[in-house]
$ cat run_3.cif   # mmCIF, C-alpha atoms and all ligand atoms
data_run
#
loop_
_atom_site.label_atom_id
_atom_site.label_comp_id
_atom_site.auth_asym_id
_atom_site.auth_seq_id
_atom_site.Cartn_x
_atom_site.Cartn_y
_atom_site.Cartn_z
CA MET A 1 -34.71 -76.81 -92.06
CA VAL A 2 -35.11 -73.06 -91.97
CA GLY A 3 -32.63 -71.11 -89.85
CA VAL A 4 -34.36 -68.42 -87.82
CA PHE A 5 -32.29 -65.45 -86.70
CA ARG A 6 -32.75 -62.22 -84.87
CA ILE A 7 -30.33 -59.35 -84.45
CA GLU A 8 -28.42 -59.47 -81.19
CA ALA A 9 -29.70 -56.85 -78.77
CA GLY A 10 -26.52 -55.61 -77.14
CA SER A 11 -25.77 -52.88 -74.70
CA CYS A 12 -25.42 -49.18 -75.29
CA GLY A 13 -22.96 -47.95 -77.89
CA ARG A 14 -21.48 -44.51 -78.37
CA GLY A 15 -21.71 -41.63 -80.81
CA PHE A 16 -24.80 -41.85 -82.94
CA TYR A 17 -25.32 -45.47 -81.99
CA MET A 18 -27.81 -46.29 -79.26
CA ARG A 19 -29.72 -49.16 -77.79
CA ASP A 20 -32.57 -50.53 -79.88
CA PRO A 21 -35.68 -51.17 -77.72
CA SER A 22 -37.45 -53.00 -80.55
CA LEU A 23 -34.90 -55.80 -80.44
CA HIS A 24 -35.49 -56.35 -76.74
CA ALA A 25 -39.29 -56.46 -77.14
CA LEU A 26 -38.92 -58.87 -80.04
CA ALA A 27 -36.55 -61.14 -78.12
CA LYS A 28 -38.96 -61.35 -75.21
CA TYR A 29 -41.92 -62.10 -77.44
CA LEU A 30 -40.12 -64.92 -79.24
CA GLU A 31 -38.92 -66.37 -75.96
CA ASN A 32 -42.49 -66.50 -74.65
CA LYS A 33 -43.48 -68.31 -77.84
CA GLY A 34 -40.82 -70.90 -77.10
CA GLU A 35 -39.05 -70.12 -80.37
CA GLU A 36 -35.44 -71.11 -80.73
CA VAL A 37 -33.84 -68.25 -82.52
CA ARG A 38 -30.18 -67.84 -83.38
CA LEU A 39 -28.42 -64.55 -82.88
CA LEU A 40 -26.91 -62.49 -85.63
CA PRO A 41 -24.42 -60.10 -84.02
CA TRP A 42 -24.65 -56.54 -85.25
CA LEU A 43 -21.77 -54.53 -83.87
CA ASN A 44 -22.77 -55.44 -80.34
CA GLY A 45 -26.40 -54.59 -80.94
CA ARG A 46 -25.74 -50.96 -81.55
CA CYS A 47 -28.11 -49.18 -83.82
CA LEU A 48 -28.36 -45.93 -85.65
CA GLU A 49 -30.27 -42.81 -85.07
CA GLU A 50 -32.99 -42.29 -87.60
CA GLY A 51 -31.73 -41.36 -91.01
CA ALA A 52 -28.08 -42.18 -90.28
CA MET A 53 -26.13 -44.34 -92.68
CA GLU A 54 -23.88 -47.32 -92.17
CA SER A 55 -20.72 -47.84 -94.15
CA ILE A 56 -20.85 -51.01 -96.24
CA ALA A 57 -17.12 -51.61 -95.86
CA ASP A 58 -17.32 -51.15 -92.08
CA ILE A 59 -20.17 -53.64 -91.71
CA GLU A 60 -18.62 -56.23 -94.01
CA GLU A 61 -15.27 -56.04 -92.33
CA ARG A 62 -16.66 -56.43 -88.84
CA LEU A 63 -19.66 -58.72 -89.18
CA ASP A 64 -19.80 -62.40 -89.98
CA PHE A 65 -22.69 -63.41 -92.21
CA SER A 66 -21.51 -67.01 -92.66
CA PRO A 67 -24.34 -68.52 -90.53
CA LEU A 68 -26.73 -67.32 -93.26
CA LYS A 69 -24.95 -69.43 -95.85
CA GLU A 70 -25.81 -72.79 -94.26
CA GLU A 71 -29.52 -73.15 -95.03
CA PRO A 72 -32.59 -71.16 -96.03
CA PHE A 73 -33.03 -68.46 -93.41
CA ILE A 74 -35.45 -65.92 -91.99
CA VAL A 75 -34.10 -62.90 -90.16
CA LEU A 76 -36.44 -61.13 -87.78
CA ASN A 77 -35.11 -57.62 -88.12
CA SER A 78 -36.05 -54.56 -86.12
CA SER A 79 -37.75 -51.26 -86.95
CA GLY A 80 -37.98 -50.17 -90.59
CA ILE A 81 -35.13 -47.78 -89.80
CA PHE A 82 -32.89 -50.82 -90.08
CA HIS A 83 -34.35 -52.21 -93.26
CA HIS A 84 -31.00 -51.65 -95.02
CA ARG A 85 -29.62 -54.70 -93.20
CA THR A 86 -31.47 -56.59 -95.93
CA TYR A 87 -28.73 -55.57 -98.36
CA PHE A 88 -26.20 -57.69 -96.46
CA PHE A 89 -28.59 -60.64 -96.11
CA VAL A 90 -29.25 -60.66 -99.86
CA LYS A 91 -25.55 -60.35 -100.55
CA SER A 92 -24.81 -63.41 -98.43
CA ILE A 93 -26.80 -65.57 -100.87
CA ALA A 94 -24.25 -66.27 -103.57
CA ASP A 95 -26.44 -67.88 -106.25
CA GLY A 96 -28.70 -66.14 -108.71
CA THR A 97 -31.58 -64.64 -106.77
CA THR A 98 -34.70 -62.65 -107.51
CA TYR A 99 -35.25 -59.98 -104.89
CA ILE A 100 -38.88 -59.44 -103.82
CA HIS A 101 -39.54 -56.31 -101.75
CA ILE A 102 -42.95 -56.22 -100.06
CA ASP A 103 -43.20 -52.72 -98.63
CA ALA A 104 -45.25 -49.52 -98.82
CA HIS A 105 -42.02 -47.81 -99.90
CA PRO A 106 -39.59 -48.59 -102.71
CA ASP A 107 -36.56 -47.59 -100.56
CA PHE A 108 -34.90 -46.54 -103.76
CA PHE A 109 -33.17 -43.22 -103.40
CA GLU A 110 -29.98 -43.12 -105.38
CA GLN A 111 -26.83 -43.55 -103.34
CA VAL A 112 -23.37 -42.44 -104.30
CA GLN A 113 -21.11 -43.15 -101.35
CA ASP A 114 -20.15 -46.46 -99.84
CA GLU A 115 -23.06 -46.36 -97.44
CA VAL A 116 -26.48 -47.86 -96.99
CA SER A 117 -29.52 -46.56 -95.18
CA PHE A 118 -33.14 -47.61 -94.90
CA GLY A 119 -34.49 -45.47 -97.73
CA LYS A 120 -31.77 -46.30 -100.21
CA PHE A 121 -30.65 -49.89 -100.00
CA VAL A 122 -32.80 -51.30 -102.84
CA TYR A 123 -30.78 -49.15 -105.22
CA ARG A 124 -27.72 -51.03 -103.94
CA ILE A 125 -29.40 -54.43 -104.29
CA CYS A 126 -30.12 -53.63 -107.94
CA GLN A 127 -26.38 -53.29 -108.47
CA LEU A 128 -25.58 -56.79 -107.18
CA SER A 129 -24.62 -58.98 -110.13
CA HIS A 130 -26.31 -62.10 -108.72
CA VAL A 131 -29.64 -60.26 -108.43
CA PRO A 132 -30.67 -59.52 -112.03
CA GLN A 133 -34.32 -58.87 -111.26
CA VAL A 134 -36.11 -57.00 -108.51
CA PHE A 135 -39.85 -57.04 -107.81
CA LEU A 136 -41.38 -54.28 -105.69
CA LEU A 137 -44.83 -55.25 -104.39
CA GLY A 138 -47.38 -53.12 -102.54
CA ILE A 139 -45.70 -49.76 -103.11
CA THR A 140 -47.96 -46.73 -102.57
CA PRO A 141 -48.09 -44.04 -105.27
CA GLY A 142 -47.19 -41.36 -102.71
CA SER A 143 -43.92 -43.04 -101.80
CA LEU A 144 -43.13 -43.60 -105.46
CA TYR A 145 -43.37 -39.86 -105.99
CA ASP A 146 -40.47 -39.35 -103.57
CA CYS A 147 -38.23 -41.53 -105.74
CA LEU A 148 -39.05 -39.57 -108.85
CA THR A 149 -37.75 -36.35 -107.37
CA ARG A 150 -34.70 -34.85 -105.79
CA ARG A 151 -35.00 -32.78 -102.64
CA THR A 152 -33.11 -29.51 -102.39
CA LYS A 153 -33.41 -26.61 -100.01
CA GLY A 154 -34.78 -23.55 -101.76
CA LYS A 155 -33.78 -19.92 -101.07
CA SER A 156 -36.27 -19.65 -98.25
CA GLY A 157 -34.76 -22.73 -96.59
CA ILE A 158 -37.84 -24.81 -97.38
CA GLU A 159 -37.28 -28.17 -99.05
CA GLU A 160 -38.31 -28.26 -102.68
CA TYR A 161 -38.86 -31.33 -104.85
CA TYR A 162 -37.54 -31.37 -108.39
CA PRO A 163 -38.49 -34.13 -110.81
CA LEU A 164 -35.55 -36.33 -111.87
CA GLU A 165 -35.04 -36.53 -115.60
CA GLN A 166 -34.33 -40.24 -115.56
CA PRO A 167 -35.32 -41.77 -112.24
CA PRO A 168 -32.89 -44.67 -111.62
CA ILE A 169 -35.75 -46.71 -110.14
CA PHE A 170 -36.98 -47.47 -113.65
CA ASN A 171 -34.48 -49.87 -115.17
CA ASP A 172 -34.56 -53.16 -117.06
CA GLY A 173 -34.42 -55.39 -114.00
CA MET A 174 -37.12 -53.57 -112.03
CA HIS A 175 -40.77 -54.66 -111.85
CA MET A 176 -43.09 -52.52 -109.81
CA PHE A 177 -46.60 -53.29 -108.58
CA LEU A 178 -48.50 -50.56 -106.75
CA ALA A 179 -50.93 -51.20 -103.90
CA GLU A 180 -53.50 -48.89 -105.47
CA THR A 181 -53.99 -47.03 -108.73
CA VAL A 182 -53.04 -43.41 -109.09
CA ASP A 183 -56.76 -42.59 -109.44
CA GLU A 184 -57.54 -44.33 -106.17
CA TRP A 185 -54.70 -42.46 -104.50
CA GLU A 186 -55.85 -39.14 -105.91
CA ASN A 187 -59.38 -39.68 -104.67
CA ARG A 188 -58.42 -41.02 -101.27
CA VAL A 189 -55.69 -38.62 -100.21
CA THR A 190 -56.65 -34.99 -100.39
CA ASN A 191 -53.46 -33.21 -99.42
CA GLN A 192 -51.19 -34.15 -102.31
CA ARG A 193 -50.54 -31.58 -104.97
CA PRO A 194 -51.74 -31.99 -108.56
CA ARG A 195 -48.17 -32.02 -109.84
CA GLU A 196 -47.37 -35.00 -107.59
CA VAL A 197 -50.23 -36.97 -109.09
CA GLN A 198 -49.25 -35.84 -112.56
CA LEU A 199 -45.63 -36.89 -112.14
CA VAL A 200 -46.48 -40.39 -110.86
CA ARG A 201 -49.07 -40.78 -113.60
CA SER A 202 -46.58 -39.78 -116.29
CA TYR A 203 -44.60 -42.94 -115.50
CA ALA A 204 -47.64 -45.22 -115.76
CA SER A 205 -45.95 -47.50 -118.30
CA HIS A 206 -43.34 -48.46 -115.68
CA TYR A 207 -45.64 -49.98 -113.09
CA LYS A 208 -48.73 -52.14 -112.70
CA ARG A 209 -51.31 -52.67 -110.01
CA LEU A 210 -50.59 -55.45 -107.50
CA ASP A 211 -53.49 -57.64 -108.66
CA GLU A 212 -51.72 -57.87 -112.03
CA PHE A 213 -48.72 -59.54 -110.39
CA ASP A 214 -48.40 -63.07 -111.72
CA VAL A 215 -46.06 -65.30 -109.73
CA HIS A 216 -45.29 -67.33 -112.86
CA THR A 217 -43.49 -64.34 -114.38
CA LEU A 218 -40.78 -64.57 -111.70
CA PRO A 219 -37.47 -65.85 -113.10
CA PRO A 220 -37.01 -69.58 -112.44
CA HIS A 221 -34.26 -69.25 -109.82
CA LYS A 222 -34.46 -68.79 -106.07
CA VAL A 223 -36.13 -65.78 -104.52
CA TYR A 224 -35.28 -63.64 -101.53
CA ILE A 225 -38.24 -61.96 -99.82
CA SER A 226 -38.02 -58.88 -97.64
CA ILE A 227 -41.17 -57.69 -95.88
CA ASP A 228 -41.64 -54.31 -94.24
CA LEU A 229 -44.78 -54.66 -92.13
CA ASP A 230 -45.68 -51.05 -92.93
CA VAL A 231 -47.12 -52.43 -96.18
CA ILE A 232 -50.13 -53.49 -94.06
CA GLU A 233 -52.79 -50.82 -93.66
CA ASP A 234 -53.48 -51.75 -90.04
CA PHE A 235 -49.85 -51.57 -89.09
CA LYS A 236 -49.25 -47.93 -88.21
CA THR A 237 -45.70 -46.67 -88.22
CA GLY A 238 -46.04 -42.94 -88.62
CA TRP A 239 -44.08 -42.89 -91.89
CA ASN A 240 -45.41 -41.09 -94.92
CA SER A 241 -47.58 -43.02 -97.35
CA GLU A 242 -48.69 -45.85 -95.13
CA GLY A 243 -49.44 -49.26 -96.61
CA ARG A 244 -52.64 -50.29 -98.36
CA LEU A 245 -52.58 -54.10 -98.06
CA THR A 246 -54.28 -56.30 -95.49
CA LEU A 247 -52.51 -58.97 -93.47
CA ASP A 248 -54.43 -61.52 -95.57
CA ASP A 249 -53.06 -59.97 -98.79
CA VAL A 250 -49.51 -60.44 -97.51
CA VAL A 251 -50.21 -64.03 -96.39
CA ARG A 252 -51.71 -64.85 -99.79
CA LEU A 253 -48.75 -63.31 -101.61
CA LEU A 254 -46.24 -65.34 -99.57
CA LYS A 255 -48.15 -68.57 -100.16
CA GLU A 256 -48.33 -67.88 -103.89
CA VAL A 257 -44.62 -67.15 -104.23
CA GLY A 258 -43.70 -70.07 -101.95
CA SER A 259 -45.79 -72.51 -104.01
CA GLN A 260 -43.95 -71.64 -107.24
CA ARG A 261 -40.40 -70.72 -106.24
CA GLU A 262 -37.76 -71.80 -103.79
CA ILE A 263 -37.24 -69.13 -101.14
CA GLY A 264 -33.55 -69.00 -100.22
CA GLY A 265 -33.83 -66.30 -97.60
CA ALA A 266 -36.24 -63.80 -96.11
CA ASP A 267 -36.48 -61.07 -93.54
CA ILE A 268 -39.22 -59.16 -91.76
CA CYS A 269 -38.85 -55.65 -90.40
CA GLY A 270 -41.17 -52.86 -89.31
CA PHE A 271 -41.89 -53.61 -85.68
CA ASP A 272 -40.91 -50.47 -83.81
CA ALA A 273 -41.31 -50.56 -80.04
CA LYS A 274 -41.27 -46.76 -79.74
CA ARG A 275 -43.81 -46.11 -82.50
CA SER A 276 -46.33 -48.84 -81.70
CA GLY A 277 -47.42 -47.49 -78.31
CA TRP A 278 -50.18 -49.56 -76.74
CA LYS A 279 -50.57 -51.64 -79.91
CA LYS A 280 -47.19 -53.29 -79.35
CA GLN A 281 -48.63 -56.77 -78.73
CA LYS A 282 -50.99 -56.55 -81.68
CA TYR A 283 -48.13 -55.66 -84.01
CA LEU A 284 -45.90 -58.39 -82.62
CA ARG A 285 -48.71 -60.89 -83.26
CA MET A 286 -49.01 -59.66 -86.85
CA MET A 287 -45.28 -60.04 -87.30
CA TYR A 288 -45.50 -63.55 -85.90
CA THR A 289 -48.29 -64.48 -88.33
CA VAL A 290 -46.20 -63.31 -91.28
CA PHE A 291 -43.17 -65.14 -89.90
CA ASP A 292 -45.08 -68.37 -89.35
CA VAL A 293 -46.52 -68.39 -92.88
CA LEU A 294 -43.10 -67.68 -94.30
CA ARG A 295 -41.58 -70.53 -92.34
CA GLN A 296 -44.31 -72.90 -93.53
CA VAL A 297 -43.84 -72.05 -97.18
CA MET A 298 -40.06 -72.30 -96.84
CA THR A 299 -40.10 -75.73 -95.19
MN MN B 301 -41.45 -49.18 -95.64
#
$ encode --input "run_3.cif" --output "structure tokens"
Amino acid sequence: MVGVFRIEAGSCGRGFYMRDPSLHALAKYLENKGEEVRLLPWLNGRCLEEGAMESIADIEERLDFSPLKEEPFIVLNSSGIFHHRTYFFVKSIADGTTYIHIDAHPDFFEQVQDEVSFGKFVYRICQLSHVPQVFLLGITPGSLYDCLTRRTKGKSGIEEYYPLEQPPIFNDGMHMFLAETVDEWENRVTNQRPREVQLVRSYASHYKRLDEFDVHTLPPHKVYISIDLDVIEDFKTGWNSEGRLTLDDVVRLLKEVGSQREIGGADICGFDAKRSGWKKQKYLRMMYTVFDVLRQVMT
């Protein structure tokens, strides 16, 4: 059996926490589908403003992740702003696990304090001792650029990007597969600067193209899969560097991984009720397709 969870949609919080409309839309959709979904409490359903960070110690002290330890699980998470919840889900799997991140973004900014946020949690996952290897699939070259640089405000107050000497994203346990080549990116997008292209290209030995991903190269142990729906080209979120895969690409990838490895846990995020506008139902259907395939390959 696969345990299916969603985050509890509670009432309004205080401070920088607020009600998350995506959770309510998701709950309603799943109810109409007749899905029996268990609730994962998250500080009474409170959620963060965009860009805010949650303290790891605070979350771990107050939340109970024991339901995730009983069986393979899928968590239907909320908007990509809450993708960092994945860190806690991965942590709740005690055995050796390979982390597979299917996303347009690597979510790999370095983090120094005891906090996690949506753009930085993969860095944290890489530090977990039971997760020796991490596979990033479907990353766009533009979002990789962000992880190769540090942002600082210049004299004029405008943000400047400086290349990192040794980007932490490139380490022994990391395997990266881009959704398109740097050439394709350069030809398709016209507003990036030559030095952006040059910087990403200079690290070419550290990544491959997604069609070079061979599922047999995954370590033999269990995998954990996290999917941000923004990896799909049709799934508009308004973030930078939107995804380049099709829904079929994602389905194929999940079937491939599921046929060769045991999937111990998974989560899906990216549905954002505020950002989807009139396409809300379409995006919920796409999420459901991904969920249903995942459940099939996990059963
Ligand atoms: Mn993303």
$ residues_around --input "run_3.cif" --residues "Asp95 (chain A)" --least-positions-apart "3" --cutoff "10 Å" --atoms "all atoms listed in the file" --output "PyMOL selection string"
chain A and resi 91-92+98+129-131+221-222+264
$ write_last_selection --input "run_3.cif" --atoms "C-alpha atoms" --output "short mmCIF file (atom, residue, chain, number, x, y, z; two decimals), in the coordinates of the input"
data_model
loop_
_atom_site.label_atom_id
_atom_site.label_comp_id
_atom_site.auth_asym_id
_atom_site.auth_seq_id
_atom_site.Cartn_x
_atom_site.Cartn_y
_atom_site.Cartn_z
CA LYS A 91 -25.55 -60.35 -100.55
CA SER A 92 -24.81 -63.41 -98.43
CA THR A 98 -34.70 -62.65 -107.51
CA SER A 129 -24.62 -58.98 -110.13
CA HIS A 130 -26.31 -62.10 -108.72
CA VAL A 131 -29.64 -60.26 -108.43
CA HIS A 221 -34.26 -69.25 -109.82
CA LYS A 222 -34.46 -68.79 -106.07
CA GLY A 264 -33.55 -69.00 -100.22
#
$ atom_distance --input "run_3.cif" --atom1 "CA of Asn187 (chain A)" --atom2 "CA of Arg201 (chain A)"
13.7 Å
$ closest_atom_pairs --input "run_3.cif" --of "chain A" --to "ligand MN 301 (chain B)" --cutoff "7 Å" --atoms "only C-alpha atoms and all ligand atoms" --output "JSON lines"
{"residue": "A:Gly80", "atom": "CA", "partner": "B:MN301", "partner_atom": "MN", "distance": 6.2}
{"residue": "A:Asp103", "atom": "CA", "partner": "B:MN301", "partner_atom": "MN", "distance": 5.0}
{"residue": "A:Ala104", "atom": "CA", "partner": "B:MN301", "partner_atom": "MN", "distance": 5.0}
{"residue": "A:His105", "atom": "CA", "partner": "B:MN301", "partner_atom": "MN", "distance": 4.5}
{"residue": "A:Asp228", "atom": "CA", "partner": "B:MN301", "partner_atom": "MN", "distance": 5.3}
{"residue": "A:Asp230", "atom": "CA", "partner": "B:MN301", "partner_atom": "MN", "distance": 5.4}
{"residue": "A:Val231", "atom": "CA", "partner": "B:MN301", "partner_atom": "MN", "distance": 6.6}
$ write_last_selection --input "run_3.cif" --atoms "C-alpha atoms" --output "short mmCIF file (atom, residue, chain, number, x, y, z; two decimals), in the coordinates of the input"
data_model
loop_
_atom_site.label_atom_id
_atom_site.label_comp_id
_atom_site.auth_asym_id
_atom_site.auth_seq_id
_atom_site.Cartn_x
_atom_site.Cartn_y
_atom_site.Cartn_z
CA GLY A 80 -37.98 -50.17 -90.59
CA ASP A 103 -43.20 -52.72 -98.63
CA ALA A 104 -45.25 -49.52 -98.82
CA HIS A 105 -42.02 -47.81 -99.90
CA ASP A 228 -41.64 -54.31 -94.24
CA ASP A 230 -45.68 -51.05 -92.93
CA VAL A 231 -47.12 -52.43 -96.18
#
$ atom_distance --input "run_3.cif" --atom1 "CA of Leu148 (chain A)" --atom2 "CA of Gly96 (chain A)"
28.5 Å
$ residues_around --input "run_3.cif" --residues "Tyr224 (chain A)" --least-positions-apart "5" --cutoff "10 Å" --atoms "all atoms listed in the file" --output "PyMOL selection string"
chain A and resi 72-74+86+89-90+93+97-101+131+134+261-267
$ atom_distance --input "run_3.cif" --atom1 "CA of Arg209 (chain A)" --atom2 "CA of Gln133 (chain A)"
18.1 Å
$ closest_residue --input "run_3.cif" --among "A:Leu245, A:Ile268, A:Met176, A:Leu136" --to "His83 (chain A)" --atoms "all atoms listed in the file"
A:Ile268
$ closest_atom_pairs --input "run_3.cif" --of "region 155-184 of chain A" --to "region 109-118 of chain A" --cutoff "12 Å" --atoms "all atoms listed in the file" --output "CSV"
residue,atom,partner,partner_atom,distance
A:Leu164,CA,A:Glu110,CA,10.9
A:Gln166,CA,A:Glu110,CA,11.4
A:Pro167,CA,A:Glu110,CA,8.8
A:Pro168,CA,A:Glu110,CA,7.1
A:Ile169,CA,A:Phe109,CA,8.0
A:Phe170,CA,A:Glu110,CA,11.7
$ residues_near_point --input "run_3.cif" --point "(-56.9, -43.1, -107.5)" --cutoff "12 Å" --atoms "all atoms listed in the file" --output "PyMOL selection string"
chain A and resi 140-142+178-190+192+197-198+200-201+209
$ closest_residue --input "run_3.cif" --among "A:Arg151, A:Arg252, A:Lys208, A:Lys282" --to "Lys236 (chain A)" --atoms "only C-alpha atoms"
A:Lys282
$ residues_around --input "run_3.cif" --residues "Glu160 (chain A)" --least-positions-apart "3" --cutoff "12 Å" --atoms "all atoms listed in the file" --output "compact mmCIF listing (two decimals) with C-alpha atoms, in the coordinates of the input"
# COMPACT_ATOMS: atom_id res chain seq x y z
CA ASP A 146 -40.47 -39.35 -103.57
CA THR A 149 -37.75 -36.35 -107.37
CA ARG A 150 -34.70 -34.85 -105.79
CA ARG A 151 -35.00 -32.78 -102.64
CA THR A 152 -33.11 -29.51 -102.39
CA LYS A 153 -33.41 -26.61 -100.01
CA GLY A 154 -34.78 -23.55 -101.76
CA LYS A 155 -33.78 -19.92 -101.07
CA SER A 156 -36.27 -19.65 -98.25
CA GLY A 157 -34.76 -22.73 -96.59
CA PRO A 163 -38.49 -34.13 -110.81
$ closest_residue --input "run_3.cif" --among "A:Pro106, A:Gly270, A:Gly3, A:Pro194" --to "Phe135 (chain A)" --atoms "all atoms listed in the file"
A:Pro106
$ residues_near_point --input "run_3.cif" --point "(-20.0, -56.6, -90.4)" --cutoff "10 Å" --atoms "all atoms listed in the file" --output "list of chain:residue names"
A:Pro41, A:Trp42, A:Leu43, A:Ser55, A:Ile56, A:Ala57, A:Asp58, A:Ile59, A:Glu60, A:Glu61, A:Arg62, A:Leu63, A:Asp64, A:Phe65, A:Phe88
$ residues_around --input "run_3.cif" --residues "Ala27 (chain A)" --least-positions-apart "4" --cutoff "8 Å" --atoms "all atoms listed in the file" --output "list in words"
Arg6, Leu23 and Glu31 of chain A
$ closest_residue --input "run_3.cif" --among "A:Met298, A:Met1, A:Leu137, A:Leu284" --to "Tyr29 (chain A)" --atoms "all atoms listed in the file"
A:Leu284
$ closest_residue --input "run_3.cif" --among "A:Ile7, A:Leu128, A:Ile227, A:Leu294" --to "Cys269 (chain A)" --atoms "only C-alpha atoms"
A:Ile227
$ closest_residue --input "run_3.cif" --among "A:Leu68, A:Val2, A:Leu144, A:Leu253" --to "Tyr207 (chain A)" --atoms "only C-alpha atoms"
A:Leu144
$ residues_around --input "run_3.cif" --residues "Ala273 (chain A)" --least-positions-apart "6" --cutoff "7 Å" --atoms "all atoms listed in the file" --output "PDB file with C-alpha atoms, in the frame of the given file"
ATOM      1  CA  PRO A  21     -35.680 -51.170 -77.720  1.00  0.00           C
ATOM      2  CA  SER A  22     -37.450 -53.000 -80.550  1.00  0.00           C
ATOM      3  CA  ALA A  25     -39.290 -56.460 -77.140  1.00  0.00           C
ATOM      4  CA  LYS A 280     -47.190 -53.290 -79.350  1.00  0.00           C
TER       5      LYS A 280
END
$ build_atoms --input "run_3.cif" --residues "region 238-256 of chain A" --atoms "N, CA and C atoms" --output "PDB file, keeping the file's coordinate frame"
ATOM      1  N   GLY A 238     -46.295 -44.378 -88.658  1.00  0.00           N
ATOM      2  CA  GLY A 238     -46.040 -42.940 -88.620  1.00  0.00           C
ATOM      3  C   GLY A 238     -45.210 -42.451 -89.795  1.00  0.00           C
ATOM      4  N   TRP A 239     -44.798 -43.365 -90.701  1.00  0.00           N
ATOM      5  CA  TRP A 239     -44.080 -42.890 -91.890  1.00  0.00           C
ATOM      6  C   TRP A 239     -45.087 -42.262 -92.847  1.00  0.00           C
ATOM      7  N   ASN A 240     -44.558 -41.584 -93.837  1.00  0.00           N
ATOM      8  CA  ASN A 240     -45.410 -41.090 -94.920  1.00  0.00           C
ATOM      9  C   ASN A 240     -45.943 -42.255 -95.726  1.00  0.00           C
ATOM     10  N   SER A 241     -47.053 -42.048 -96.398  1.00  0.00           N
ATOM     11  CA  SER A 241     -47.580 -43.020 -97.350  1.00  0.00           C
ATOM     12  C   SER A 241     -47.693 -44.420 -96.747  1.00  0.00           C
ATOM     13  N   GLU A 242     -48.544 -44.547 -95.778  1.00  0.00           N
ATOM     14  CA  GLU A 242     -48.690 -45.850 -95.130  1.00  0.00           C
ATOM     15  C   GLU A 242     -49.310 -46.878 -96.063  1.00  0.00           C
ATOM     16  N   GLY A 243     -49.070 -48.160 -95.726  1.00  0.00           N
ATOM     17  CA  GLY A 243     -49.440 -49.260 -96.610  1.00  0.00           C
ATOM     18  C   GLY A 243     -50.932 -49.388 -96.875  1.00  0.00           C
ATOM     19  N   ARG A 244     -51.254 -50.128 -97.935  1.00  0.00           N
ATOM     20  CA  ARG A 244     -52.640 -50.290 -98.360  1.00  0.00           C
ATOM     21  C   ARG A 244     -53.056 -51.754 -98.434  1.00  0.00           C
ATOM     22  N   LEU A 245     -52.202 -52.682 -97.993  1.00  0.00           N
ATOM     23  CA  LEU A 245     -52.580 -54.100 -98.060  1.00  0.00           C
ATOM     24  C   LEU A 245     -53.142 -54.554 -96.718  1.00  0.00           C
ATOM     25  N   THR A 246     -53.852 -55.691 -96.747  1.00  0.00           N
ATOM     26  CA  THR A 246     -54.280 -56.300 -95.490  1.00  0.00           C
ATOM     27  C   THR A 246     -53.278 -57.396 -95.135  1.00  0.00           C
ATOM     28  N   LEU A 247     -53.366 -57.859 -93.899  1.00  0.00           N
ATOM     29  CA  LEU A 247     -52.510 -58.970 -93.470  1.00  0.00           C
ATOM     30  C   LEU A 247     -52.782 -60.191 -94.362  1.00  0.00           C
ATOM     31  N   ASP A 248     -54.060 -60.393 -94.700  1.00  0.00           N
ATOM     32  CA  ASP A 248     -54.430 -61.520 -95.570  1.00  0.00           C
ATOM     33  C   ASP A 248     -53.786 -61.403 -96.963  1.00  0.00           C
ATOM     34  N   ASP A 249     -53.711 -60.177 -97.488  1.00  0.00           N
ATOM     35  CA  ASP A 249     -53.060 -59.970 -98.790  1.00  0.00           C
ATOM     36  C   ASP A 249     -51.611 -60.455 -98.731  1.00  0.00           C
ATOM     37  N   VAL A 250     -50.931 -60.077 -97.648  1.00  0.00           N
ATOM     38  CA  VAL A 250     -49.510 -60.440 -97.510  1.00  0.00           C
ATOM     39  C   VAL A 250     -49.370 -61.959 -97.381  1.00  0.00           C
ATOM     40  N   VAL A 251     -50.234 -62.571 -96.575  1.00  0.00           N
ATOM     41  CA  VAL A 251     -50.210 -64.030 -96.390  1.00  0.00           C
ATOM     42  C   VAL A 251     -50.421 -64.729 -97.734  1.00  0.00           C
ATOM     43  N   ARG A 252     -51.402 -64.261 -98.489  1.00  0.00           N
ATOM     44  CA  ARG A 252     -51.710 -64.850 -99.790  1.00  0.00           C
ATOM     45  C   ARG A 252     -50.513 -64.741-100.741  1.00  0.00           C
ATOM     46  N   LEU A 253     -49.902 -63.580-100.749  1.00  0.00           N
ATOM     47  CA  LEU A 253     -48.750 -63.310-101.610  1.00  0.00           C
ATOM     48  C   LEU A 253     -47.597 -64.285-101.275  1.00  0.00           C
ATOM     49  N   LEU A 254     -47.343 -64.460 -99.992  1.00  0.00           N
ATOM     50  CA  LEU A 254     -46.240 -65.340 -99.570  1.00  0.00           C
ATOM     51  C   LEU A 254     -46.518 -66.785 -99.962  1.00  0.00           C
ATOM     52  N   LYS A 255     -47.786 -67.190 -99.795  1.00  0.00           N
ATOM     53  CA  LYS A 255     -48.150 -68.570-100.160  1.00  0.00           C
ATOM     54  C   LYS A 255     -48.008 -68.789-101.652  1.00  0.00           C
ATOM     55  N   GLU A 256     -48.432 -67.795-102.428  1.00  0.00           N
ATOM     56  CA  GLU A 256     -48.330 -67.880-103.890  1.00  0.00           C
ATOM     57  C   GLU A 256     -46.881 -68.025-104.328  1.00  0.00           C
TER      58      GLU A 256
END
